[in-house]
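Peer 1: My questions will all concern the structure given below.
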Amino acid sequence: MKDSIIIVSGGMDSITLLYEYKDRIALGISFDYGSKHNARELPFAELHCQRLGIPHITIPLAFTPQYFKSSLLTGGAAIPEADYAEENLKSTVVPFRNGIMLAIAGGIAESHGLKHVMMANHSGDHAIYPDCRPEFVERMSEALSAGTFAKVTLLAPYTNISKAEIARHGKRLGINYAETWSCYNGGEVHCGRCATCRERREALREAGIIDTTEYED
């Protein structure tokens, strides 16, 4: 039964979730919130939804770079080129980004008669991104349910597993991760130096997947 909306970015995690739960996803939603890499990842979100026959929409959040501070956004500081760790990546936090997106998705879910919103956060996000942590997932689900007649809930099945484990799921599903985007710099190819590129490489290596991603470095 197709009872869910998925927030799909075009990155490894959300594309894996898309394929793993394709039979219950009625709509894929992406957000163009002014990040440096939106133009690189959003086409992959659309591509994979199209392949699976899942309707897809992209919602513009053009106000974000104007009012929010983050190195992830256009006009922000340089993306850190270091390991995936709290102090290195704090600058990439877009405050309450997931909360904003989930609130919009919850309203769309109720408007379409759907019961759930899905997101692809994972355990590696917990230290850095407050709106990826288990306590956020639990309370956001409660808020969505309390604020909708349909009692919409949040499903986040990857919350307590690693990115490498997500990649293992994708390996079993036959996903070509070269058709996903991770690099926060948003260049023509993955830079290979930023924390998200490093995390991507490590996850694919741990999962035993040959990495065919093109990197600058």
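Residues are named by chain letter and number: chains run A, B, ... in the order of the structure tokens, numbers start at 1 in each chain, and ligands are numbered from 1 in the order shown.
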Excluding Ala103 (chain A) and its own-chain neighbours fewer than 3 positions away, which residues fall within 12 Å of it when counting only C-alpha atoms? Please give them as a ChimeraX atom specification.
Peer 2: /A:7,96-100,106-110,116-118,140-148,152-154
Peer 1: Excluding same-chain residues fewer than 6 positions from Ala167 (chain A), what lies within 12 Å of it counting only C-alpha atoms, as a count of residues only?
Peer 2: 30
Peer 1: Any chance you could list, as a list in words, the residues in region 37-210 of chain A that come up strand (DSSP E or B) when DSSP is run on the backbone?
Peer 2: His56, Ile57, Thr58, Ile59, Pro60, Leu73, His116, Val117, Met118, Thr153, Leu154, Leu155 and His190 of chain A
Peer 1: Identify, on the basis of only C-alpha atoms, every residue whose closest approach to Asp32 (chain A) does not exceed 9 Å; exclude the query and any residue fewer than 5 positions from it along the same chain; express the result as an mmCIF file with all heavy atoms, in the first residue's frame.
Peer 2:
data_model
loop_
_atom_site.group_PDB
_atom_site.id
_atom_site.type_symbol
_atom_site.label_atom_id
_atom_site.label_comp_id
_atom_site.auth_asym_id
_atom_site.auth_seq_id
_atom_site.Cartn_x
_atom_site.Cartn_y
_atom_site.Cartn_z
ATOM 1 N N ASN A 38 22.876 21.644 -4.442
ATOM 2 C CA ASN A 38 21.515 21.311 -4.890
ATOM 3 C C ASN A 38 21.453 20.986 -6.374
ATOM 4 O O ASN A 38 20.801 20.012 -6.789
ATOM 5 C CB ASN A 38 20.562 22.469 -4.601
ATOM 6 C CG ASN A 38 19.868 22.387 -3.258
ATOM 7 O OD1 ASN A 38 19.375 23.395 -2.750
ATOM 8 N ND2 ASN A 38 19.809 21.217 -2.644
ATOM 9 N N ALA A 39 22.148 21.788 -7.176
ATOM 10 C CA ALA A 39 22.061 21.596 -8.630
ATOM 11 C C ALA A 39 22.666 20.278 -9.080
ATOM 12 O O ALA A 39 22.318 19.764 -10.150
ATOM 13 C CB ALA A 39 22.760 22.757 -9.350
ATOM 14 N N LEU A 42 19.906 17.191 -6.990
ATOM 15 C CA LEU A 42 18.472 17.117 -7.289
ATOM 16 C C LEU A 42 18.144 16.351 -8.575
ATOM 17 O O LEU A 42 17.146 15.618 -8.605
ATOM 18 C CB LEU A 42 17.867 18.525 -7.333
ATOM 19 C CG LEU A 42 17.814 19.260 -5.991
ATOM 20 C CD1 LEU A 42 17.228 20.656 -6.166
ATOM 21 C CD2 LEU A 42 17.031 18.479 -4.954
ATOM 22 N N THR A 58 9.884 19.109 -6.756
ATOM 23 C CA THR A 58 10.925 19.878 -6.076
ATOM 24 C C THR A 58 10.302 21.183 -5.593
ATOM 25 O O THR A 58 9.705 21.922 -6.380
ATOM 26 C CB THR A 58 12.105 20.179 -7.006
ATOM 27 O OG1 THR A 58 12.709 18.944 -7.410
ATOM 28 C CG2 THR A 58 13.151 21.036 -6.298
ATOM 29 N N ILE A 59 10.444 21.450 -4.311
ATOM 30 C CA ILE A 59 9.869 22.641 -3.698
ATOM 31 C C ILE A 59 10.976 23.648 -3.438
ATOM 32 O O ILE A 59 11.956 23.331 -2.749
ATOM 33 C CB ILE A 59 9.147 22.278 -2.394
ATOM 34 C CG1 ILE A 59 7.983 21.323 -2.687
ATOM 35 C CG2 ILE A 59 8.651 23.533 -1.676
ATOM 36 C CD1 ILE A 59 7.296 20.801 -1.453
ATOM 37 N N PRO A 60 10.859 24.865 -3.951
ATOM 38 C CA PRO A 60 11.900 25.868 -3.723
ATOM 39 C C PRO A 60 11.773 26.516 -2.342
ATOM 40 O O PRO A 60 10.676 26.866 -1.909
ATOM 41 C CB PRO A 60 11.644 26.894 -4.830
ATOM 42 C CG PRO A 60 10.176 26.782 -5.112
ATOM 43 C CD PRO A 60 9.808 25.347 -4.859
ATOM 44 N N LEU A 61 12.895 26.622 -1.667
ATOM 45 C CA LEU A 61 12.972 27.360 -0.402
ATOM 46 C C LEU A 61 14.005 28.469 -0.582
ATOM 47 O O LEU A 61 15.051 28.493 0.060
ATOM 48 C CB LEU A 61 13.367 26.425 0.739
ATOM 49 C CG LEU A 61 12.438 25.239 1.024
ATOM 50 C CD1 LEU A 61 12.995 24.384 2.168
ATOM 51 C CD2 LEU A 61 11.028 25.702 1.362
ATOM 52 N N ALA A 62 13.681 29.380 -1.485
ATOM 53 C CA ALA A 62 14.651 30.388 -1.918
ATOM 54 C C ALA A 62 15.070 31.330 -0.798
ATOM 55 O O ALA A 62 16.124 31.971 -0.878
ATOM 56 C CB ALA A 62 14.065 31.186 -3.082
#
Peer 1: So how many Å separate CA of Ile128 (chain A) and CA of Lys90 (chain A), to one decimal?
Peer 2: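 Atom-to-atom, CA of Ile128 (chain A) and CA of Lys90 (chain A) are spaced 6.2 Å apart.
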Peer 1: Could you give me, as a list of chain:residue names, the residues within 10 Å of Gly124 (chain A), counting only C-alpha atoms and dropping anything in the same chain fewer than 5 positions from it?
Peer 2: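 In the requested format, the answer is A:Tyr84, A:Ala85, A:Tyr129, A:Cys132, A:Arg133, A:Thr159, A:Asn160, A:Ile161, A:Ser162, A:Lys163, A:Ala164, A:Glu199.
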Peer 1: Taking only C-alpha atoms into account, which of A:Asp217, A:Phe31, A:Lys22, A:Asn121 comes nearest Ile166 (chain A)?
Peer 2: A:Asn121
Peer 1: Nearest to Glu46 (chain A) among A:Arg172, A:Ala120, A:Ser9, A:Tyr215, with distances taken over only C-alpha atoms: which residue is it?
Peer 2: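 Under the stated criterion, the closest residue is A:Ser9.
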Peer 1: Excluding Cys197 (chain A) and any residue of its chain fewer than 3 positions from it, enumerate the residues within 10 Å of it, using only C-alpha atoms, and give them as number ranges by chain.
Peer 2: A: 81-84, 181-185, 190-194, 200-203, 213, 215
Peer 1: Calculated over only C-alpha atoms, which of the candidates A:Gly186, A:Leu47, A:Ile5, A:Ile104 has the smallest distance to Leu73 (chain A)?
Peer 2: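 The shortest atom-to-atom distance to Leu73 (chain A) comes from A:Gly186.
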Peer 1: Pick the closest to Ser4 (chain A) from A:Gly113, A:Pro95, A:Pro80, A:Gly187: which is it, counting only C-alpha atoms?
Peer 2: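 With only C-alpha atoms as the atom set, the closest residue is A:Gly113.
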Peer 1: Considering only C-alpha atoms, state which residue in the set A:Phe63, A:Ser35, A:Ser111, A:Arg168 is at the smallest distance from Ala77 (chain A).
Peer 2: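 Closest residue, counting only C-alpha atoms: A:Ser35.
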Peer 1: Check the DSSP output for the backbone and give back, as a ChimeraX atom specification, the residues of region 28-165 of chain A in helix (DSSP H, G or I).
Peer 2: /A:38-52,64-67,86-92,97-111,123-125,130-132,134-146,163-165
Peer 1: What does the distance from CA of Phe68 (chain A) to CA of Arg40 (chain A) come to in Å, to one decimal?
Peer 2: 21.0 Å
Peer 1: With distances taken over only C-alpha atoms, which of A:Ala195, A:Leu18, A:Val93, A:Ile79 is nearest to Cys49 (chain A)?
Peer 2: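 Ranking A:Ala195, A:Leu18, A:Val93, A:Ile79 by distance to Cys49 (chain A), first place goes to A:Leu18.
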